[in-house]
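Structure data follow from entry.cif (mmCIF, C-alpha atoms and all ligand atoms):
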data_coords
loop_
_atom_site.label_atom_id
_atom_site.label_comp_id
_atom_site.auth_asym_id
_atom_site.auth_seq_id
_atom_site.Cartn_x
_atom_site.Cartn_y
_atom_site.Cartn_z
CA MET D 52 85.37 89.05 102.68
CA GLU D 53 88.31 90.67 104.45
CA MET D 54 91.21 91.95 102.33
CA LYS D 55 93.60 89.73 104.31
CA GLU D 56 91.72 86.59 103.22
CA LEU D 57 91.51 87.74 99.60
CA LEU D 58 95.23 88.50 99.56
CA GLU D 59 95.86 84.99 100.85
CA ILE D 60 93.88 83.49 97.94
CA VAL D 61 95.77 85.63 95.41
CA ASN D 62 99.11 84.92 97.04
CA ASN D 63 98.46 81.21 96.49
CA CYS D 64 98.15 81.72 92.72
CA GLY D 65 101.89 81.97 92.12
CA PHE D 66 102.37 85.62 91.10
CA GLU D 67 105.75 87.24 91.78
CA THR D 68 103.99 90.42 92.95
CA VAL D 69 100.74 90.75 94.87
CA ALA D 70 99.82 94.14 96.30
CA GLU D 71 96.74 95.86 97.62
CA LEU D 72 95.56 98.36 95.01
CA ASP D 73 94.52 101.88 95.91
CA VAL D 74 91.58 102.30 93.53
CA SER D 75 91.84 106.09 93.69
CA THR D 76 94.94 105.70 91.47
CA LEU D 77 92.81 104.26 88.61
CA LYS D 78 91.86 106.66 85.86
CA ALA D 79 90.49 105.56 82.48
CA LEU D 80 92.28 107.56 79.79
CA LEU D 81 91.09 107.70 76.19
CA GLU D 82 94.68 108.08 74.92
CA VAL D 83 95.65 104.74 76.50
CA ARG D 84 92.57 103.00 75.07
CA GLU D 85 93.34 104.44 71.63
CA MET D 86 96.67 102.56 71.61
CA CYS D 87 94.61 99.35 71.32
CA ALA D 88 93.58 100.45 67.83
CA VAL D 89 97.17 99.91 66.63
CA ASN D 90 96.21 96.24 67.09
CA THR D 91 99.65 94.74 67.63
CA CYS D 92 97.96 91.87 69.51
CA GLY D 93 95.40 91.23 66.75
CA MET D 94 92.48 91.29 69.20
CA TYR D 95 91.09 94.76 68.45
CA GLY D 96 87.57 94.32 67.13
CA ALA D 97 87.91 90.56 67.45
CA ARG D 98 87.02 89.81 71.12
CA TRP D 99 84.29 90.98 73.49
CA SER D 100 87.06 91.89 75.92
CA CYS D 101 88.65 94.40 73.57
CA PRO D 102 87.58 97.70 72.01
CA PRO D 103 85.04 98.32 70.69
CA GLY D 104 83.35 95.21 72.17
CA CYS D 105 84.23 96.07 75.78
CA GLY D 106 82.28 99.36 75.64
CA GLU D 107 83.07 103.03 75.38
CA ILE D 108 85.77 104.47 77.65
CA GLU D 109 83.07 106.20 79.77
CA GLU D 110 81.39 102.84 80.38
CA CYS D 111 84.72 101.28 81.34
CA ASP D 112 85.45 104.18 83.69
CA ALA D 113 82.02 103.75 85.33
CA LYS D 114 82.65 100.01 85.78
CA ILE D 115 86.05 100.67 87.39
CA LYS D 116 84.54 103.26 89.73
CA LYS D 117 81.98 100.75 91.04
CA TYR D 118 84.67 98.97 93.02
CA PRO D 119 86.18 100.34 96.23
CA ARG D 120 88.90 97.70 96.64
CA GLY D 121 91.43 95.90 94.49
CA ILE D 122 94.55 93.77 94.22
CA LEU D 123 97.39 94.19 91.72
CA VAL D 124 99.32 91.17 90.46
CA GLN D 125 102.41 90.65 88.33
CA THR D 126 104.18 87.75 86.69
CA VAL D 127 107.87 88.47 86.24
CA GLY D 128 110.04 86.04 84.25
CA ASP D 129 113.49 85.75 82.73
CA ILE D 130 114.11 86.50 79.06
CA GLU D 131 117.37 86.70 77.12
CA ASP D 132 116.61 90.15 75.71
CA SER D 133 113.77 92.13 74.14
CA LEU D 134 113.99 89.98 70.98
CA ASP D 135 113.54 86.72 72.90
CA PHE D 136 110.03 86.13 71.53
CA GLU D 137 109.82 82.57 72.82
CA GLY D 138 110.85 83.63 76.32
CA ILE D 139 108.38 86.51 76.30
CA MET D 140 105.55 84.19 75.22
CA ASP D 141 106.47 81.71 78.00
CA VAL D 142 106.08 84.44 80.63
CA LYS D 143 102.81 85.58 79.05
CA LYS D 144 101.44 82.02 79.05
CA LYS D 145 102.37 81.62 82.70
CA HIS D 146 100.71 84.94 83.56
CA ASP D 147 97.48 84.07 81.74
CA GLU D 148 97.25 80.66 83.45
CA ARG D 149 97.74 82.24 86.85
CA PHE D 150 95.37 85.09 86.08
CA TYR D 151 92.50 82.84 84.89
CA ASN D 152 93.01 80.45 87.79
CA CYS D 153 93.00 83.35 90.25
CA THR D 154 89.87 84.83 88.63
CA ASP D 155 88.13 81.47 89.09
CA GLN D 156 89.25 81.24 92.75
CA LEU D 157 88.09 84.77 93.55
CA LYS D 158 84.78 84.23 91.76
CA LYS D 159 84.01 81.47 94.25
CA VAL D 160 84.06 83.95 97.13
CA LEU D 161 83.11 87.27 95.50
CA ASP D 162 79.70 87.91 93.91
CA ASP D 163 80.83 90.91 91.92
CA MET D 164 84.38 91.25 90.71
CA LEU D 165 86.12 92.83 87.71
CA PRO D 166 89.29 91.10 86.52
CA LEU D 167 91.52 93.22 84.26
CA GLY D 168 94.43 91.32 82.78
CA ASP D 169 97.30 91.89 80.41
CA GLY D 170 95.92 91.42 76.89
CA GLY D 171 92.50 90.42 75.63
CA CYS D 172 90.49 87.47 76.89
CA THR D 173 91.68 84.11 75.56
CA ARG D 174 89.42 81.85 77.60
CA CYS D 175 87.94 80.52 74.37
CA LYS D 176 90.08 79.71 71.37
CA GLU D 177 87.48 81.36 69.13
CA CYS D 178 85.64 84.32 70.65
CA THR D 179 81.93 84.64 69.84
CA TYR D 180 82.38 88.35 68.99
CA PRO D 181 80.39 89.90 67.37
CA ASP D 182 77.86 87.23 66.35
CA ALA D 183 76.76 85.83 69.72
CA PRO D 184 76.99 86.87 73.39
CA CYS D 185 80.16 86.15 75.36
CA ARG D 186 80.18 82.53 76.61
CA PHE D 187 81.52 83.42 80.06
CA PRO D 188 80.58 87.04 80.81
CA LYS D 189 81.41 86.69 84.51
CA LEU D 190 84.85 85.25 83.85
CA ALA D 191 85.97 87.09 80.71
CA SER D 192 88.63 89.71 81.31
CA SER D 193 89.62 92.81 79.40
CA SER D 194 93.10 94.24 79.58
CA MET D 195 93.88 97.13 81.89
CA GLU D 196 94.79 99.13 78.77
CA ALA D 197 91.44 98.39 77.07
CA PHE D 198 89.85 100.06 80.12
CA GLY D 199 92.15 103.05 79.59
CA LEU D 200 94.48 102.35 82.51
CA TYR D 201 98.07 103.50 82.13
CA VAL D 202 99.68 100.48 83.76
CA ALA D 203 103.14 101.95 84.43
CA ASP D 204 101.52 104.86 86.25
CA VAL D 205 99.20 102.59 88.26
CA CYS D 206 102.21 100.53 89.35
CA LYS D 207 104.20 103.61 90.30
CA LYS D 208 101.35 105.07 92.33
CA ASN D 209 100.94 101.76 94.12
CA HIS D 210 104.67 101.54 94.89
CA ILE D 211 105.50 98.51 92.76
CA ALA D 212 107.98 98.27 89.90
CA TYR D 213 106.84 98.10 86.28
CA ASN D 214 110.16 97.67 84.48
CA TYR D 215 112.40 94.95 85.94
CA GLY D 216 115.30 95.41 83.52
CA PRO D 217 116.29 94.15 80.05
CA ASP D 218 116.48 90.47 81.04
CA LYS D 219 113.04 90.35 82.67
CA MET D 220 109.52 90.42 81.28
CA CYS D 221 106.64 91.59 83.45
CA TYR D 222 102.89 91.20 82.94
CA THR D 223 100.49 93.09 85.18
CA GLY D 224 96.81 92.61 86.00
CA CYS D 225 94.35 93.51 88.71
CA PHE D 226 91.15 92.38 90.37
CA LEU D 227 88.58 94.95 91.47
CA PHE D 228 85.83 94.11 93.95
CA HIS D 229 83.56 95.38 96.75
S1 LIG K 1 85.06 84.29 77.46
FE1 LIG K 1 85.20 83.55 75.35
S2 LIG K 1 83.47 84.57 74.30
FE2 LIG K 1 83.87 85.73 76.19
S3 LIG K 1 85.33 87.37 75.63
FE3 LIG K 1 86.53 85.63 76.38
S4 LIG K 1 87.07 84.52 74.50
FE4 LIG K 1 85.31 85.86 73.98
#

Now that the file is in, can you turn its structure into structure tokens?
Amino acid sequence: MEMKELLEIVNNCGFETVAELDVSTLKALLEVREMCAVNTCGMYGARWSCPPGCGEIEECDAKIKKYPRGILVQTVGDIEDSLDFEGIMDVKKKHDERFYNCTDQLKKVLDDMLPLGDGGCTRCKECTYPDAPCRFPKLASSSMEAFGLYVADVCKKNHIAYNYGPDKMCYTGCFLFH
């Protein structure tokens, strides 16, 4: 499918930013992946989408490199300040809804696609990790960071902002495809 048509689908998903992604700017870095181990989100070792369940960094790098095209997306929302936890969570919820909806839309037209979101996969309330296989392997999404991508750098190299100021919260994701 032509990039123009794919961009149209993604543009209809409500994101504040939609931009064609230059996949040559994607580099899986072990030092980014290692930040997951701090486990501020509580998903490290608890979801198939997150380390170590999502595979070694080399495997993630190989998966990224399979795809010659991509689209970057962002949800940008208002918050009072960096301590506005409720506001931050509202923006995150909005981003995840858009991201999962967009993944589902793109899956209808793309046979092979890798969605990388912002945070671990929350499609199921309880993940099957590590006792049983993922329930939706074609729809589950890891975070860009779990795949070692330094998101601020990816944004910069693709000419989109990453930090929108102290009263804004931004969540970034991408879709990679053939
Ligand atoms: S789709 Fe469900 S089982 Fe698979 S990684 Fe996401 S939460 Fe876990």

Surrounding residues of stretch 156-173 of chain D excluding itself and chain neighbours under 2 positions, 7 Å, all atoms listed in the file, as a list in words:
Met94, Ser100, Cys101, Asn152, Cys153, Thr154, Cys175, Lys176, Ala191, Ser192, Ser193, Ser194, Met195, Tyr222, Thr223, Gly224, Cys225, Phe226, Leu227 and Phe228 of chain D

Counting all atoms listed in the file, which residues come within 12 Å of (111.2, 84.8, 76.4), with the point read in the file's coordinates, and could you list them as a list in words?
Val127, Gly128, Asp129, Ile130, Glu131, Asp132, Ser133, Leu134, Asp135, Phe136, Glu137, Gly138, Ile139, Met140, Asp141, Val142, Lys143, Lys144, Lys145, Pro217, Asp218, Lys219, Met220 and Cys221 of chain D

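Rounded to one decimal, atom CA of D:Lys208 and atom CA of D:Glu85 lie 22.2 Å from each other.
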
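The two atoms in question, atom CA of D:Cys87 and atom CA of D:Ala197, are spaced 6.6 Å apart.
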
Nearest-residue call for ligand LIG 1 (chain K), choices D:Lys55, D:Lys78, D:Lys116, D:Lys189, using all atoms listed in the file
D:Lys189

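Note that the spacing between atom S3 of ligand LIG 1 (chain K) and atom CA of D:Tyr180 amounts to 7.3 Å.
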
Residue nearest ligand LIG 1 (chain K) - candidates D:Gly106, D:Pro181, D:Gly216, D:Gly199, atoms counted: only C-alpha atoms and all ligand atoms:
D:Pro181

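Every protein or nucleic acid residue with an atom no more than 12 Å from D:Glu110, counting all atoms listed in the file and leaving out same-chain residues fewer than 6 positions away, appears here: Ala79, Leu80, Leu81, Pro102, Pro103, Gly104, Lys116, Lys117, Ala197, Phe198 and Gly199 of chain D.
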